[in-house]
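Source file: input18.csv. Holds: CSV, C-alpha atoms.
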```csv
chain,number,residue,atom,x,y,z
A,1,MET,CA,67.6,127.5,38.6
A,2,ASN,CA,68.9,124.1,37.7
A,3,TYR,CA,72.6,123.2,37.2
A,4,GLU,CA,72.6,123.9,33.5
A,5,GLN,CA,71.0,127.3,33.9
A,6,ALA,CA,73.5,128.2,36.7
A,7,MET,CA,76.4,127.3,34.3
A,8,GLU,CA,74.8,129.3,31.5
A,9,TYR,CA,74.6,132.3,33.8
A,10,ILE,CA,78.2,132.0,34.9
A,11,HIS,CA,79.6,131.6,31.4
A,12,ALA,CA,77.4,134.4,29.9
A,13,VAL,CA,79.7,137.3,30.9
A,14,GLN,CA,82.9,137.6,28.9
A,15,TRP,CA,86.0,139.8,29.4
A,16,ALA,CA,85.4,141.8,26.2
A,17,GLY,CA,85.1,145.5,26.9
A,18,HIS,CA,85.8,145.1,30.6
A,19,LYS,CA,88.6,147.2,32.1
A,20,PRO,CA,91.0,145.1,34.3
A,21,GLY,CA,90.7,146.1,38.0
A,22,LEU,CA,89.4,145.0,41.4
A,23,THR,CA,86.5,147.5,41.7
A,24,ARG,CA,83.8,145.1,40.4
A,25,THR,CA,84.9,142.2,42.6
A,26,ARG,CA,85.0,144.4,45.7
A,27,THR,CA,81.5,145.8,44.9
A,28,LEU,CA,80.1,142.4,44.4
A,29,LEU,CA,81.7,140.9,47.5
A,30,ALA,CA,80.5,144.0,49.6
A,31,ALA,CA,76.9,143.3,48.4
A,32,LEU,CA,77.4,139.7,49.6
A,33,GLY,CA,78.6,140.7,53.1
A,34,ASP,CA,82.4,140.6,52.4
A,35,PRO,CA,82.7,136.8,52.9
A,36,HIS,CA,86.5,136.9,52.1
A,37,LYS,CA,87.1,139.0,55.2
A,38,LYS,CA,86.1,136.0,57.4
A,39,LEU,CA,88.8,133.7,55.8
A,40,GLN,CA,92.5,133.0,55.9
A,41,PHE,CA,94.4,132.4,52.7
A,42,VAL,CA,97.5,131.0,51.1
A,43,HIS,CA,97.6,133.0,47.8
A,44,VAL,CA,99.4,131.3,44.9
A,45,ALA,CA,100.6,133.2,41.8
A,46,GLY,CA,103.1,132.3,39.0
A,47,THR,CA,103.4,131.2,35.4
A,48,ASN,CA,103.7,127.4,35.7
A,49,GLY,CA,103.1,125.0,38.6
A,50,LYS,CA,100.4,127.1,40.3
A,51,GLY,CA,97.8,124.4,40.3
A,52,SER,CA,100.1,121.5,41.3
A,53,THR,CA,101.6,123.6,44.1
A,54,ALA,CA,98.2,124.7,45.3
A,55,ALA,CA,97.0,121.0,45.3
A,56,MET,CA,100.0,120.0,47.3
A,57,LEU,CA,99.5,122.8,49.9
A,58,ALA,CA,95.8,121.9,50.2
A,59,SER,CA,96.5,118.2,50.6
A,60,CYS,CA,99.1,118.8,53.4
A,61,LEU,CA,96.9,121.3,55.3
A,62,GLN,CA,94.1,118.8,55.1
A,63,ALA,CA,96.4,116.0,56.4
A,64,ALA,CA,97.2,118.3,59.3
A,65,GLY,CA,93.5,118.4,60.2
A,66,TYR,CA,92.4,121.7,58.8
A,67,ARG,CA,89.2,122.3,56.8
A,68,VAL,CA,90.8,123.5,53.5
A,69,GLY,CA,89.2,125.4,50.6
A,70,LEU,CA,90.9,125.1,47.2
A,71,TYR,CA,90.2,127.6,44.4
A,72,THR,CA,91.8,126.8,41.0
A,73,SER,CA,91.4,127.2,37.3
A,74,PRO,CA,90.7,126.0,34.7
A,75,PHE,CA,88.8,122.7,35.3
A,76,ILE,CA,89.5,119.4,33.5
A,77,ASN,CA,86.3,117.5,33.6
A,78,ARG,CA,83.7,119.6,35.4
A,79,PHE,CA,83.4,123.2,36.5
A,80,ASN,CA,82.9,122.1,40.1
A,81,GLU,CA,86.6,121.1,40.4
A,82,ARG,CA,87.4,124.8,40.6
A,83,ILE,CA,85.9,125.1,44.1
A,84,GLN,CA,86.7,122.3,46.5
A,85,ILE,CA,86.8,121.7,50.3
A,86,ASN,CA,89.0,118.9,51.6
A,87,GLY,CA,89.3,117.4,48.2
A,88,GLN,CA,85.5,117.3,47.6
A,89,GLN,CA,84.2,119.4,44.7
A,90,ILE,CA,81.3,121.8,45.4
A,91,PRO,CA,78.0,119.8,45.0
A,92,ASP,CA,75.8,120.9,42.1
A,93,GLU,CA,72.9,121.9,44.4
A,94,ALA,CA,75.2,124.1,46.5
A,95,LEU,CA,76.6,125.8,43.4
A,96,VAL,CA,73.0,126.5,42.1
A,97,ALA,CA,72.1,128.0,45.5
A,98,LEU,CA,75.2,130.2,45.5
A,99,VAL,CA,74.5,131.4,41.9
A,100,GLU,CA,70.9,132.3,43.0
A,101,GLN,CA,72.4,134.3,45.8
A,102,VAL,CA,75.1,136.1,43.7
A,103,LYS,CA,73.0,136.8,40.6
A,104,PRO,CA,70.8,139.6,42.0
A,105,ALA,CA,73.9,141.3,43.5
A,106,ALA,CA,75.8,141.1,40.2
A,107,ASP,CA,72.7,142.1,38.1
A,108,ALA,CA,72.3,145.2,40.2
A,109,MET,CA,75.8,146.5,39.4
A,110,GLU,CA,76.2,149.2,36.8
A,111,ASP,CA,79.6,147.7,35.6
A,112,VAL,CA,78.6,144.0,35.4
A,113,PRO,CA,81.2,141.6,36.7
A,114,THR,CA,83.1,139.2,34.4
A,115,GLU,CA,82.8,135.4,34.5
A,116,PHE,CA,86.0,135.0,36.6
A,117,GLU,CA,84.8,137.7,39.0
A,118,ILE,CA,81.5,135.9,39.5
A,119,ILE,CA,83.3,132.6,40.1
A,120,THR,CA,85.7,134.3,42.6
A,121,ALA,CA,82.6,135.6,44.5
A,122,LEU,CA,81.0,132.2,44.4
A,123,GLY,CA,84.1,130.6,45.9
A,124,MET,CA,84.5,133.2,48.7
A,125,LEU,CA,80.9,132.8,49.6
A,126,TYR,CA,81.1,129.0,49.7
A,127,PHE,CA,84.3,128.8,51.7
A,128,ALA,CA,82.9,131.3,54.3
A,129,GLN,CA,79.6,129.5,54.6
A,130,GLN,CA,81.4,126.2,55.0
A,131,GLN,CA,83.7,127.8,57.7
A,132,CYS,CA,87.0,126.8,56.1
A,133,ASP,CA,90.0,127.2,58.4
A,134,ILE,CA,92.2,128.2,55.4
A,135,VAL,CA,91.8,128.6,51.6
A,136,VAL,CA,94.5,127.9,49.0
A,137,LEU,CA,93.6,130.5,46.4
A,138,GLU,CA,95.1,130.3,42.9
A,139,VAL,CA,95.4,133.5,40.9
A,140,GLY,CA,93.6,133.5,37.6
A,141,LEU,CA,96.0,135.7,35.6
A,142,GLY,CA,98.9,137.9,36.8
A,143,GLY,CA,98.4,139.1,40.3
A,144,THR,CA,98.0,142.8,40.9
A,145,LEU,CA,94.7,143.2,39.0
A,146,ASP,CA,93.5,139.6,39.3
A,147,SER,CA,90.1,139.4,41.1
A,148,THR,CA,91.5,137.1,43.8
A,149,ASN,CA,93.7,140.0,44.9
A,150,VAL,CA,90.9,141.6,46.8
A,151,ILE,CA,92.0,139.6,49.8
A,152,GLU,CA,93.6,141.7,52.4
A,153,LYS,CA,96.4,139.9,54.2
A,154,PRO,CA,97.2,136.3,53.2
A,155,ALA,CA,98.8,134.0,55.8
A,156,CYS,CA,101.4,133.4,53.1
A,157,ALA,CA,101.9,134.5,49.4
A,158,VAL,CA,103.5,131.9,47.2
A,159,ILE,CA,105.0,132.6,43.8
A,160,THR,CA,105.7,129.6,41.6
A,161,ALA,CA,108.1,129.4,38.6
A,162,LEU,CA,108.0,132.4,36.4
A,163,GLY,CA,108.2,132.4,32.6
A,164,MET,CA,107.0,134.2,29.5
A,165,ASP,CA,103.2,133.8,29.1
A,166,HIS,CA,100.2,136.2,28.8
A,167,VAL,CA,102.7,138.9,27.6
A,168,LYS,CA,99.8,140.8,25.9
A,169,GLU,CA,98.2,141.3,29.3
A,170,LEU,CA,101.2,141.5,31.6
A,171,GLY,CA,104.0,143.0,29.6
A,172,PRO,CA,106.8,141.9,27.2
A,173,THR,CA,109.6,141.2,29.7
A,174,LEU,CA,110.1,138.8,32.6
A,175,ALA,CA,110.5,141.8,34.9
A,176,ASP,CA,107.0,143.0,33.8
A,177,ILE,CA,105.5,139.6,34.5
A,178,ALA,CA,107.2,139.4,37.9
A,179,ALA,CA,105.9,142.9,38.8
A,180,ALA,CA,102.3,141.7,38.0
A,181,LYS,CA,102.7,138.5,40.1
A,182,ALA,CA,104.4,140.6,42.9
A,183,GLY,CA,101.0,142.4,43.3
A,184,ILE,CA,99.9,139.6,45.7
A,185,ILE,CA,102.7,140.6,48.2
A,186,LYS,CA,101.0,142.5,51.0
A,187,PRO,CA,102.5,144.6,53.8
A,188,GLY,CA,104.2,142.4,56.4
A,189,CYS,CA,102.9,139.1,55.0
A,190,PRO,CA,105.4,136.3,54.4
A,191,VAL,CA,106.2,135.5,50.8
A,192,VAL,CA,107.8,132.2,49.5
A,193,SER,CA,109.3,132.3,46.0
A,194,TYR,CA,110.4,129.5,43.7
A,195,GLY,CA,113.1,131.8,42.3
A,196,GLY,CA,115.7,130.9,39.7
A,197,ALA,CA,115.0,133.6,37.2
A,198,PRO,CA,117.4,136.5,38.1
A,199,GLU,CA,115.5,139.2,36.3
A,200,ALA,CA,112.2,138.2,38.0
A,201,ASP,CA,113.9,137.5,41.4
A,202,ALA,CA,115.2,141.1,41.5
A,203,VAL,CA,111.7,142.5,41.2
A,204,LEU,CA,110.2,140.2,43.8
A,205,ARG,CA,113.0,141.0,46.3
A,206,ARG,CA,112.4,144.7,45.7
A,207,VAL,CA,108.7,144.6,46.2
A,208,ALA,CA,109.0,142.3,49.3
A,209,ALA,CA,111.5,144.8,50.8
A,210,GLN,CA,109.1,147.8,50.0
A,211,GLN,CA,106.2,145.9,51.7
A,212,HIS,CA,108.3,144.8,54.7
A,213,ALA,CA,107.2,141.3,53.7
A,214,PRO,CA,109.6,138.6,54.8
A,215,LEU,CA,110.8,136.7,51.7
A,216,THR,CA,111.9,133.1,51.6
A,217,GLU,CA,113.4,131.7,48.4
A,218,VAL,CA,113.4,127.9,48.0
A,219,ASP,CA,116.8,126.4,48.5
A,220,PHE,CA,116.9,123.8,45.7
A,221,ALA,CA,120.4,122.7,46.8
A,222,LYS,CA,118.6,120.8,49.5
A,223,LEU,CA,116.5,118.8,47.0
A,224,GLN,CA,117.6,115.3,45.9
A,225,VAL,CA,115.5,113.3,43.5
A,226,THR,CA,116.2,109.7,44.3
A,227,GLY,CA,114.0,107.8,41.9
A,228,GLY,CA,111.1,108.0,39.4
A,229,ASP,CA,108.9,105.6,37.5
A,230,LEU,CA,105.5,105.7,36.0
A,231,ASP,CA,103.8,105.5,39.5
A,232,ALA,CA,105.7,108.0,41.6
A,233,VAL,CA,108.8,110.1,41.9
A,234,THR,CA,110.8,109.8,45.1
A,235,PHE,CA,112.7,112.8,46.6
A,236,SER,CA,114.2,114.2,49.8
A,237,PHE,CA,114.2,117.8,50.7
A,238,ASP,CA,115.8,119.5,53.7
A,239,GLY,CA,115.3,116.8,56.2
A,240,LEU,CA,112.1,115.3,54.8
A,241,ASP,CA,113.5,112.1,53.3
A,242,GLY,CA,112.1,109.5,50.8
A,243,VAL,CA,108.8,111.2,49.9
A,244,ARG,CA,106.9,109.2,47.3
A,245,LEU,CA,105.0,111.8,45.2
A,246,PRO,CA,102.3,110.4,42.9
A,247,LEU,CA,102.7,113.3,40.5
A,248,ILE,CA,105.3,111.9,38.1
A,249,GLY,CA,106.4,115.0,36.1
A,250,SER,CA,110.2,115.5,36.6
A,251,TYR,CA,109.4,119.1,37.7
A,252,GLN,CA,107.0,118.1,40.5
A,253,PRO,CA,109.7,117.6,43.2
A,254,ARG,CA,110.6,121.2,42.7
A,255,ASN,CA,107.0,122.3,43.2
A,256,ALA,CA,106.9,120.1,46.3
A,257,ALA,CA,110.0,121.8,47.7
A,258,LEU,CA,108.2,125.1,47.2
A,259,ALA,CA,105.1,123.7,49.0
A,260,ILE,CA,107.2,122.3,51.9
A,261,THR,CA,109.0,125.7,52.3
A,262,ALA,CA,105.6,127.5,52.4
A,263,LEU,CA,104.1,125.1,54.9
A,264,ARG,CA,107.2,125.5,57.2
A,265,VAL,CA,106.7,129.3,56.9
A,266,LEU,CA,103.1,128.9,58.0
A,267,ARG,CA,104.2,126.7,60.9
A,268,GLN,CA,106.5,129.5,62.1
A,269,GLN,CA,103.4,131.6,62.3
A,270,GLY,CA,101.6,129.2,64.6
A,271,TRP,CA,99.8,126.9,62.1
A,272,ASN,CA,100.1,123.3,63.4
A,273,ILE,CA,101.6,121.4,60.5
A,274,PRO,CA,103.8,118.5,61.6
A,275,GLU,CA,106.4,117.1,59.2
A,276,SER,CA,104.6,113.7,59.2
A,277,ASP,CA,101.4,115.4,57.9
A,278,ILE,CA,103.4,117.2,55.1
A,279,ARG,CA,104.7,113.8,54.0
A,280,THR,CA,101.2,112.3,54.2
A,281,GLY,CA,99.7,115.2,52.2
A,282,LEU,CA,102.3,114.9,49.5
A,283,GLU,CA,102.0,111.2,49.2
A,284,GLN,CA,98.2,111.4,48.8
A,285,VAL,CA,98.0,114.4,46.5
A,286,SER,CA,96.0,114.1,43.3
A,287,TRP,CA,96.1,116.6,40.4
A,288,PRO,CA,94.7,115.3,37.1
A,289,GLY,CA,96.0,116.4,33.7
A,290,ARG,CA,99.5,117.3,34.7
A,291,PHE,CA,101.9,114.7,33.3
A,292,GLU,CA,99.3,112.2,34.2
A,293,LEU,CA,99.6,108.5,33.1
A,294,LEU,CA,96.2,107.6,31.8
A,295,ARG,CA,97.3,104.1,30.8
A,296,HIS,CA,100.4,102.0,31.6
A,297,SER,CA,100.8,99.7,28.6
A,298,PRO,CA,101.1,101.0,26.0
A,299,ALA,CA,101.7,104.3,27.8
A,300,PHE,CA,99.3,107.2,27.3
A,301,VAL,CA,100.4,110.4,29.0
A,302,LEU,CA,98.2,113.6,29.4
A,303,ASP,CA,99.9,116.9,30.1
A,304,GLY,CA,98.6,120.4,30.5
A,305,SER,CA,101.7,122.3,29.4
A,306,HIS,CA,100.5,125.3,27.3
A,307,ASN,CA,103.5,127.6,26.9
A,308,ALA,CA,107.2,127.2,26.1
A,309,HIS,CA,108.3,127.4,29.7
A,310,GLY,CA,106.0,124.5,30.7
A,311,MET,CA,106.8,122.6,27.5
A,312,ARG,CA,110.5,122.5,28.4
A,313,ALA,CA,109.6,120.8,31.7
A,314,THR,CA,107.3,118.3,30.0
A,315,VAL,CA,109.9,117.4,27.4
A,316,GLN,CA,112.4,116.8,30.2
A,317,SER,CA,109.9,114.5,32.0
A,318,LEU,CA,109.3,112.6,28.8
A,319,LYS,CA,113.0,112.0,28.3
A,320,ASP,CA,113.4,111.0,32.0
A,321,ARG,CA,110.4,108.6,32.1
A,322,PHE,CA,110.8,107.2,28.5
A,323,PRO,CA,114.5,107.3,27.8
A,324,GLY,CA,115.4,107.1,24.1
A,325,GLN,CA,111.8,106.7,23.0
A,326,LYS,CA,109.8,108.6,20.3
A,327,PHE,CA,106.2,109.6,20.8
A,328,VAL,CA,103.0,110.0,18.8
A,329,PHE,CA,101.9,113.5,20.0
A,330,LEU,CA,98.2,114.4,20.1
A,331,VAL,CA,98.2,118.2,20.2
A,332,SER,CA,95.9,121.2,20.4
A,333,ILE,CA,97.4,124.7,21.1
A,334,MET,CA,95.8,128.0,21.6
A,335,ALA,CA,96.5,130.4,18.7
A,336,ASP,CA,97.7,133.2,21.0
A,337,LYS,CA,100.5,131.0,22.5
A,338,ASP,CA,104.1,130.7,21.4
A,339,VAL,CA,103.2,127.9,19.0
A,340,ASP,CA,106.4,127.6,17.1
A,341,GLU,CA,108.6,127.6,20.2
A,342,MET,CA,106.5,124.8,21.7
A,343,LEU,CA,106.7,122.8,18.5
A,344,ALA,CA,110.4,123.2,18.2
A,345,LEU,CA,110.8,121.6,21.7
A,346,LEU,CA,108.5,118.7,20.7
A,347,ALA,CA,109.8,117.9,17.2
A,348,PRO,CA,113.0,116.1,18.2
A,349,LEU,CA,110.9,113.6,20.3
A,350,ALA,CA,108.2,113.1,17.7
A,351,GLU,CA,107.4,110.0,15.8
A,352,ARG,CA,104.5,111.9,14.3
A,353,PHE,CA,101.7,114.3,15.3
A,354,VAL,CA,97.9,114.1,15.3
A,355,THR,CA,96.3,117.6,15.7
A,356,VAL,CA,92.8,118.4,17.1
A,357,THR,CA,90.9,121.6,17.8
A,358,ALA,CA,90.1,122.0,21.5
A,359,HIS,CA,86.6,123.3,22.4
A,360,ASN,CA,87.8,126.9,23.0
A,361,PRO,CA,87.4,129.9,20.6
A,362,ARG,CA,91.1,130.6,21.0
A,363,ALA,CA,92.2,127.2,19.8
A,364,MET,CA,94.3,127.1,16.6
A,365,PRO,CA,92.3,125.0,14.0
A,366,ALA,CA,93.7,121.5,13.7
A,367,GLN,CA,94.5,121.9,10.0
A,368,THR,CA,96.5,125.1,10.6
A,369,LEU,CA,98.4,123.5,13.4
A,370,ALA,CA,99.2,120.4,11.2
A,371,GLU,CA,100.6,122.8,8.6
A,372,HIS,CA,102.8,124.5,11.2
A,373,ILE,CA,104.1,121.1,12.3
A,374,ARG,CA,105.0,120.0,8.8
A,375,ALA,CA,107.2,123.1,8.5
A,376,TYR,CA,109.4,121.4,11.1
A,377,GLY,CA,109.8,118.4,8.7
A,378,CYS,CA,107.5,116.3,10.9
A,379,THR,CA,104.6,114.1,9.9
A,380,ALA,CA,101.2,115.6,11.0
A,381,GLU,CA,97.6,114.9,10.3
A,382,ALA,CA,94.5,116.7,11.5
A,383,ALA,CA,91.6,114.8,13.1
A,384,ASP,CA,88.0,116.0,12.9
A,385,SER,CA,87.3,115.6,16.6
A,386,ILE,CA,89.1,115.0,19.9
A,387,GLU,CA,87.6,111.4,20.0
A,388,ALA,CA,88.8,110.7,16.5
A,389,GLY,CA,92.2,112.2,17.4
A,390,VAL,CA,92.6,110.0,20.5
A,391,ALA,CA,91.7,106.9,18.4
A,392,ARG,CA,94.1,107.8,15.6
A,393,ALA,CA,97.0,108.6,18.0
A,394,GLU,CA,96.5,105.2,19.7
A,395,GLU,CA,96.4,103.4,16.3
A,396,LEU,CA,99.6,105.2,15.2
A,397,GLY,CA,101.3,104.6,18.5
A,398,GLY,CA,100.9,100.9,18.4
A,399,GLU,CA,102.9,99.6,21.4
A,400,GLY,CA,104.8,102.9,21.8
A,401,PRO,CA,104.0,105.8,24.0
A,402,VAL,CA,101.4,108.4,23.1
A,403,CYS,CA,101.4,111.9,24.7
A,404,ALA,CA,98.5,114.4,24.6
A,405,LEU,CA,99.4,118.0,25.3
A,406,GLY,CA,99.4,121.7,24.4
A,407,THR,CA,96.4,123.0,26.4
A,408,LEU,CA,94.4,122.1,29.5
A,409,TYR,CA,91.3,122.9,27.5
A,410,PHE,CA,91.1,119.4,25.9
A,411,SER,CA,92.3,117.4,28.9
A,412,GLY,CA,88.8,116.5,30.1
A,413,ASP,CA,87.8,115.3,26.6
A,414,VAL,CA,91.0,113.3,26.2
A,415,ARG,CA,90.6,111.7,29.7
```
Translate this structure into structure tokens?
Amino acid sequence: MNYEQAMEYIHAVQWAGHKPGLTRTRTLLAALGDPHKKLQFVHVAGTNGKGSTAAMLASCLQAAGYRVGLYTSPFINRFNERIQINGQQIPDEALVALVEQVKPAADAMEDVPTEFEIITALGMLYFAQQQCDIVVLEVGLGGTLDSTNVIEKPACAVITALGMDHVKELGPTLADIAAAKAGIIKPGCPVVSYGGAPEADAVLRRVAAQQHAPLTEVDFAKLQVTGGDLDAVTFSFDGLDGVRLPLIGSYQPRNAALAITALRVLRQQGWNIPESDIRTGLEQVSWPGRFELLRHSPAFVLDGSHNAHGMRATVQSLKDRFPGQKFVFLVSIMADKDVDEMLALLAPLAERFVTVTAHNPRAMPAQTLAEHIRAYGCTAEAADSIEAGVARAEELGGEGPVCALGTLYFSGDVR
């Protein structure tokens, strides 16, 4: 196989017609020698902030001298970003070799595995072959039935901020969503939760108690944000003072507080993670596409917020970093998201909108999205392509700020 053929094979199997569950992943991993049983994990679930928190955890563990696997989704520029070791994406030739190893096992299965299940197996195999000390494993969707949940006992389970998203799959209430995420809590394994949503917190506390899993909730009273500009946000948390975090979203210090709390829980279990390495890891972390400044002047911001919960955080960041300013928004949104709630949050900050259709079958067509926006009394025009949309947004923005957001699926093209 070459790289293109390997990618074609991975993307060929879709979810349609597949029953959710862990059986396929377990069968596939068993055929490959159960590589996940040779690894230690930090398992990360949640609605928003999973990727950023996972990137911070991996960066700090690497700074502490560990060989760290990082498994995330989706990708921004290239598929290989989803499987990394110590900040290096899996090389093309390694990925091809793994696909050649996984394909016969997957093809031999009666109930063929889905794309995400195949990717999970590829990641587990790579991390085991490369002898990672620990893997930061981000859940794809939910928790209980997500294929990453085949792991037995994580060193720590981390649950990020919870909000309403994927209600079709996970259930209509915050308690339902929390119950799905709580599926990653394993007997006796420590859990660290972002907390702050009483309905969800009650569920997580109950499940942790049932599983005899020690639960730590982040104490945000100990977090002080002391500064923020277009290069870094500075904060102090519970004795770790004056950390300069290069992720400039106003919500990122809270994700960092979650990561710090989890790293300290790992330290209590014997992992060697000095405070100085936590600082270094946070100050060196890189996570593209999340409130990322692509250009200083005039400012061009790219953000991956793709649900109302995330959009609220982004709107706050825009107000904090660009006080009193209006934006030209370049937007694409998936049709199955809470489109109107997201637009209602953006409208007050908008000078005008340019809409595009991301390269994803779930994307709302640019024309339809523009009509939705006009219903809010805002000016909106549809562009024929993402390239044309970026050019038009820049033109309309002039010297003012432009912000591209609404989905991670067009971030790579915008960058």
Which of A:Gly188, A:Gly310, A:Gly239, A:Gly69 sits closest to Lys50 (chain A) [using all atoms listed in the file]
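Closest residue, counting all atoms listed in the file: A:Gly310.
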key: Proximity to Thr47 (chain A) - best of A:Glu138, A:Asp413, A:Asp219, A:Glu115, only C-alpha atoms   =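 Comparing A:Glu138, A:Asp413, A:Asp219, A:Glu115 against Thr47 (chain A), the winner is A:Glu138.
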Nearest residue to Ala121 (chain A) out of A:Glu93, A:Asp34, A:Asp320, A:Asp133, using all atoms listed in the file?
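The shortest atom-to-atom distance to Ala121 (chain A) comes from A:Asp34.
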Separating CA of Ala178 (chain A) from CA of Gln211 (chain A), to the nearest tenth of an Å, is a gap of 15.3 Å
- Extract, using all atoms listed in the file, all DNA, RNA and protein residues at most 10 Å from Ala197 (chain A), discarding same-chain residues fewer than 5 positions from it, and format them as a ChimeraX atom specification. /A:161-163,174-175,178,202
note - CA of Leu57 (chain A) and CA of Arg321 (chain A) are separated by 25.2 Å
Students should find that CA of Lys186 (chain A) and CA of Asp111 (chain A) are spaced 26.9 Å
Of the candidates A:Leu70, A:Ala380, A:Ile118, A:Ala350, which shows the shortest atom-to-atom distance to Gly400 (chain A), using only C-alpha atoms?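 Under the stated criterion, the closest residue is A:Ala350.
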Do you have, as a tab-separated table, the list of residues of region 9-86 of chain A lying at most 10 Å from region 260-275 of chain A, each with its nearest atom pair and that distance in Å to one decimal, counting only C-alpha atoms and ordered by chain then number?
```
residue	atom	partner	partner_atom	distance
A:Val42	CA	A:Ala262	CA	8.9
A:Thr53	CA	A:Ile260	CA	9.7
A:Met56	CA	A:Ile260	CA	8.8
A:Leu57	CA	A:Leu263	CA	7.2
A:Cys60	CA	A:Ile273	CA	8.0
A:Leu61	CA	A:Ile273	CA	7.0
A:Gln62	CA	A:Ile273	CA	9.6
A:Ala63	CA	A:Ile273	CA	8.5
A:Ala64	CA	A:Ile273	CA	5.5
A:Gly65	CA	A:Ile273	CA	8.6
A:Tyr66	CA	A:Asn272	CA	9.1
```
Limited to C-alpha atoms, could you put the picked residues into a file as a JSON list (two decimals), in the frame of the given file?
```json
[["chain", "number", "residue", "atom", "x", "y", "z"],
["A", 42, "VAL", "CA", 97.50, 131.00, 51.10],
["A", 53, "THR", "CA", 101.60, 123.60, 44.10],
["A", 56, "MET", "CA", 100.00, 120.00, 47.30],
["A", 57, "LEU", "CA", 99.50, 122.80, 49.90],
["A", 60, "CYS", "CA", 99.10, 118.80, 53.40],
["A", 61, "LEU", "CA", 96.90, 121.30, 55.30],
["A", 62, "GLN", "CA", 94.10, 118.80, 55.10],
["A", 63, "ALA", "CA", 96.40, 116.00, 56.40],
["A", 64, "ALA", "CA", 97.20, 118.30, 59.30],
["A", 65, "GLY", "CA", 93.50, 118.40, 60.20],
["A", 66, "TYR", "CA", 92.40, 121.70, 58.80]]
```
Check: Out of A:Gln89, A:His212, A:Lys103, A:Gln84, which residue has the shortest atom-to-atom distance to Glu8 (chain A) when counting all atoms listed in the file?
Finding: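 Smallest distance to Glu8 (chain A) is found for A:Lys103.
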- request: Counting all atoms listed in the file, figure out which residue out of A:Thr25, A:Leu95, A:Ala257, A:Tyr194 gets nearest to Thr148 (chain A).
  value: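 Smallest distance to Thr148 (chain A) is found for A:Thr25.
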_List the spatial neighbours of Thr407 (chain A) as a list in words - criterion: any atom at most 9 Å away, all atoms listed in the file, same-chain residues fewer than 5 positions off excluded._
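So the residues in contact are Asp303, Gly304, Ser305, His306, Asn307, Val331, Ser332, Ile333, Met334, Ala358 and Ala363 of chain A.
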